[in-house]
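J.: Just passing along the structure, written as structure tokens.
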There are 2 protein chains.
Amino acid sequence: MTDGQIANIDLVKQVNAAAVYRIIDLQGPISRVKVAEISQLAPASVTKITRQLLEHDLIREEALQESTGGRRAISLMTVRDRFQFVSCRLGRRTLYLALCDLAGRELVQMRRELVGQSTIDEVLATLIATIAELISNNPRKIRKLIGLAVTLPGLVNPESGEVLYMPTLTLNKVPLAQLLETHFALPCYVGNDTRSLALAEHFFGASQDTQDAILITIHNGVGSGIISKGRVLLGQNRNVGEIGHIQVERFGRRCHCGNFGCLETIVSNAAIVERSQELLARGHASSLSSAPLTIEQICRAANAGDALACQIIQETGEYLGRTIAIMVNLFNPEKILLAGEVVEADKILFPAIRRCVEQQSLPSFHQNLPIERAYFQGQHTMGGVALIKRALLEGDLLQRIMEM
Amino acid sequence: MTDGQIANIDLVKQVNAAAVYRIIDLQGPISRVKVAEISQLAPASVTKITRQLLEHDLIREEALQESTGGRRAISLMTVRDRFQFVSCRLGRRTLYLALCDLAGRELVQMRRELVGQSTIDEVLATLIATIAELISNNPRKIRKLIGLAVTLPGLVNPESGEVLYMPTLTLNKVPLAQLLETHFALPCYVGNDTRSLALAEHFFGASQDTQDAILITIHNGVGSGIISKGRVLLGQNRNVGEIGHIQVERFGRRCHCGNFGCLETIVSNAAIVERSQELLARGHASSLSSAPLTIEQICRAANAGDALACQIIQETGEYLGRTIAIMVNLFNPEKILLAGEVVEADKILFPAIRRCVEQQSLPSFHQNLPIERAYFQGQHTMGGVALIKRALLEGDLLQRIMEM
DNA sequence: GACCTTGGTTTATCTTGTGAATTAAGATAT
DNA sequence: ATATCTTAATTCACAAGATAAACCAAGGTC
């Protein structure tokens, strides 16, 4: 509507219903009069809208509140266990699924390995089959299915639900949301996994109390999701936040992107393990054994005080800190969150990051700036849950539920 | 409306009138039927809306188009010389004003020195008096005055028009837009100068053809304005784009912010002049004379091939390039623009920047990425013009003109 | 001159939000 | 016990916008 779009009566209804639902969801239990005050809608409109939401079981009336000198107010709350949806994370090698409700609870989990599936068609077939299986296996847990969400590493147009790019798979604008909508006859939402996870932290996790926060994910790639004014930042090309290839070492290792010294070549899990193995091979003393070294082992060793592990994690923190300091200067966020295996080494990692950020960003920007672990670590389907939540709060899904 | 706001019939009218006006402004001359197609509005609605816009002289009918097999279409265009407004830039030392029309043309210019005015009240009094003077001195050039715009270095809440912070002045949430609105009885818009200038490049300047562009301004401070999806990026704290204090040299000079090696300590005009003077004092050969050295002289010398000037500009380009590379990775913009005195040394500066960006950002992000001079250099009031244009295209000002 | 095509307007209808009046249900004062 | 005041929520008549469908306008084509 703001983006050169137009408005009509249906949109007015959708926007206002969403505003009312949102207020009840975030501030409930709450009376109709309070909703009218906060939303700036006329009391008559709130009555009308809440009636429709009640009819569709999206909200419910609770106990009467204490009188404040007159008639007692009826408490309104959103209903969170009446509707279910399927959230999927389509990884490079593994497909994770969960049946969830509107509270964000995972009722059932599933996973499928994707090894050997090299074409997009094979992957899509598996995705559809597994979703169908999850649905048909759990009739007792599903009262009413209202949607699907898929997150994946790659480029997505969240409005159209088209997948524009995915690593390892060659594809050409797959209209994934549309495919799933016609197949399952359900509203379907598709998003980038890191960006969606940042949204999950905003709705359900560690940055619920902020409007501007940044989530940095560190696995074998390094990425970020930037929440600005409560919304995911996405440019025209939907690449905003791709921090893995920021150069942090002028004459560093060669990166697969073609340049040298990218952040990914130093702080990714693979890079950390590789650096550790090199140092061990050179004979540095450590409690770690060289053979099949994992990131988890290195983190545990660092927390336990192993000198070599500490040095490696500290170094990792410094490079991360340098990048975070830049983002702090650029965005002046209210909170920084980190997700990934390496945050297990929190005792070493976070102090190192903080020192760097304090030296390299504006004092007024980093004073009182929390730099913390993300709430969700390895809960792969939470990104999809956030996509559903957003669609609900912004009215699109709300309207479609009321039309069902 | 999208930000948890609500919708009513007035807003629907405003949004649709703005959509129609915008289409006619950007794509005119254009027929009503085409407007309906593009906007997705019903032809009947376009007839109604265009009638109102015509009545208020916001658009006009032009020649009939050639027939394409039926009735000839009536061309519609926006009227750009019927309304005037005052655009001000409130600098630290100087106040610039211009009387402009909706085409962005400056009809009359004025300036006032602010030396000796140390309190916000003095500055505001001067601002109001000078605007009043500009208006009363030019009755013949003003057919109808429709608004005021003020841009300033500092923090602004563009929705409320409050000034939250300004360098050198102590103040505490000055409701500038409101003050001016009550004094002049005109719509008034206030914005940060760098951000508004980025918007001016988007509407009238070098990035008209893009939706995601970044403008970097280099004067005695270094700042940036980021346009994402055709809108200025602004976080909750409205500090997005403050790049001057990104650390680019680990053990660099001390910055007034308290840290070391900030971008500003190397690429600002003052820093460039200072570095040049130091090198000259050490006896390096150059066509430059040490005494009263200016940035303009250094740029001219660099373009002429002076070795010392070239080296300094090249160094400047490298540090700028490093920062630009980071922004390219983070935002994947479609164009980078530079404004400031130093861009006069374009022959040396831009190649140096480009080399850096190519080495330090993702190849797919910097291929085909233009890095250019901004169109507006020293036209201080263009930021305010952009604020008016935005208010018009987004409907707020349009509605208020129709209510006048 | 009959018919087709494209552009633009009129009209009746539908839907929304809203203010004002009204009902509901409590507290408080007499 | 009754009247009165407060606060909560609803009802109802109305205004305003968008729109589909019918219609008018003005050109071309056969």
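Going through the structure tokens in order, the chains are called A, B, and so on, while each chain numbers its residues from 1 and the ligands are numbered from 1 in the order shown.
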Got a sec to pull out which chain A residues are within 7 Å of chain B, counting only C-alpha atoms, and send them as a PyMOL selection string?

T.: chain A and resi 4-8+12+15-16+19+39+211-212+228-229+235-237+239-243+245-247+257+259+326+329-332+359-362

J.: Write down, as number ranges by chain, each residue of chain B that has any atom within 8 Å of an atom of chain D, counting only C-alpha atoms (C1' of nucleotides).

T.: B: 9, 12-13, 42, 44-45, 67, 69-72

J.: Restricting it to N, CA and C atoms, dump the selection as a PDB file, in the first residue's frame.

T.:
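Written file, again_32.pdb:
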```pdb
ATOM      1  N   ILE B   9     -11.269   5.849   5.269  1.00  0.00           N
ATOM      2  CA  ILE B   9     -11.578   6.252   3.894  1.00  0.00           C
ATOM      3  C   ILE B   9     -10.700   7.403   3.428  1.00  0.00           C
ATOM      4  N   VAL B  12      -7.477   5.985   2.232  1.00  0.00           N
ATOM      5  CA  VAL B  12      -7.646   5.328   0.935  1.00  0.00           C
ATOM      6  C   VAL B  12      -7.590   6.367  -0.172  1.00  0.00           C
ATOM      7  N   LYS B  13      -8.330   7.455   0.051  1.00  0.00           N
ATOM      8  CA  LYS B  13      -8.339   8.517  -0.954  1.00  0.00           C
ATOM      9  C   LYS B  13      -6.935   9.058  -1.171  1.00  0.00           C
ATOM     10  N   ALA B  42      -9.785   0.910 -10.924  1.00  0.00           N
ATOM     11  CA  ALA B  42     -10.838   0.820 -11.932  1.00  0.00           C
ATOM     12  C   ALA B  42     -10.863   2.119 -12.723  1.00  0.00           C
ATOM     13  N   ALA B  44     -13.240   3.915 -13.623  1.00  0.00           N
ATOM     14  CA  ALA B  44     -14.139   4.880 -12.990  1.00  0.00           C
ATOM     15  C   ALA B  44     -13.423   5.648 -11.888  1.00  0.00           C
ATOM     16  N   SER B  45     -12.596   4.950 -11.126  1.00  0.00           N
ATOM     17  CA  SER B  45     -11.884   5.608 -10.030  1.00  0.00           C
ATOM     18  C   SER B  45     -10.865   6.603 -10.576  1.00  0.00           C
ATOM     19  N   SER B  67      -4.780   8.031 -32.586  1.00  0.00           N
ATOM     20  CA  SER B  67      -5.721   6.929 -32.402  1.00  0.00           C
ATOM     21  C   SER B  67      -5.014   5.596 -32.598  1.00  0.00           C
ATOM     22  N   GLY B  69      -6.939   2.898 -33.167  1.00  0.00           N
ATOM     23  CA  GLY B  69      -8.066   2.103 -33.641  1.00  0.00           C
ATOM     24  C   GLY B  69      -9.379   2.497 -33.018  1.00  0.00           C
ATOM     25  N   GLY B  70      -9.350   3.506 -32.169  1.00  0.00           N
ATOM     26  CA  GLY B  70     -10.597   3.946 -31.536  1.00  0.00           C
ATOM     27  C   GLY B  70     -10.483   5.399 -31.145  1.00  0.00           C
ATOM     28  N   ARG B  71     -11.206   5.786 -30.133  1.00  0.00           N
ATOM     29  CA  ARG B  71     -11.175   7.173 -29.672  1.00  0.00           C
ATOM     30  C   ARG B  71      -9.769   7.577 -29.276  1.00  0.00           C
ATOM     31  N   ARG B  72      -9.382   8.814 -29.549  1.00  0.00           N
ATOM     32  CA  ARG B  72      -8.032   9.261 -29.206  1.00  0.00           C
ATOM     33  C   ARG B  72      -7.945   9.565 -27.717  1.00  0.00           C
TER      34      ARG B  72
END
```

J.: For Met166 of chain B, which residue out of B:Arg92, B:Leu145, B:Pro139, B:Thr126 is the nearest one, using only C-alpha atoms?

T.: B:Arg92

J.: Residues of chain C that approach chain B to 6 Å or less, counting only C-alpha atoms (C1' of nucleotides): could you list each one with the shortest pair of atoms and its distance in Å to one decimal, rows by chain and increasing residue number, as CSV?

T.:
```
residue,atom,partner,partner_atom,distance
C:DT5,C1',B:Gly70,CA,4.8
C:DT6,C1',B:Gly70,CA,4.1
C:DG7,C1',B:Arg71,CA,5.5
```

J.: Please report, as a list in words, each residue of segment 178-358 of chain B to which DSSP assigns strand (DSSP E) when run on this structure's backbone.

T.: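 After running DSSP on the backbone, segment 178-358 of chain B has strand (DSSP E) at Cys188, Tyr189, Val190, Gly191, Asn192, Ala213, Ile214, Leu215, Ile216, Thr217, Ile218, Val222, Gly223, Ser224, Gly225, Ile226, Ile227, Ser228, Arg231, Val232, Lys335, Ile336, Leu337, Leu338, Ala339 and Gly340 of chain B.
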
J.: Take the residues just selected and output them with C-alpha atoms as a compact mmCIF listing (two decimals), in the first residue's frame.

T.:
```txt
# COMPACT_ATOMS: atom_id res chain seq x y z
CA CYS B 188 6.49 21.93 6.66
CA TYR B 189 8.93 19.06 6.36
CA VAL B 190 12.24 18.61 8.15
CA GLY B 191 15.00 16.11 7.41
CA ASN B 192 18.64 15.27 7.83
CA ALA B 213 21.65 3.59 -4.23
CA ILE B 214 24.10 5.05 -1.75
CA LEU B 215 25.26 8.64 -1.60
CA ILE B 216 28.45 9.38 0.29
CA THR B 217 29.15 12.97 1.27
CA ILE B 218 32.64 14.13 2.14
CA VAL B 222 31.77 12.03 6.23
CA GLY B 223 28.24 10.70 5.97
CA SER B 224 26.00 8.67 3.76
CA GLY B 225 22.40 8.36 2.71
CA ILE B 226 21.16 4.93 1.78
CA ILE B 227 18.21 4.54 -0.55
CA SER B 228 16.65 1.11 -0.38
CA ARG B 231 13.14 4.94 0.29
CA VAL B 232 15.62 6.46 2.70
CA LYS B 335 24.83 2.72 -7.79
CA ILE B 336 27.30 4.57 -5.58
CA LEU B 337 27.43 8.35 -5.68
CA LEU B 338 29.99 10.69 -4.13
CA ALA B 339 29.50 14.31 -3.24
CA GLY B 340 32.04 16.73 -1.83
```
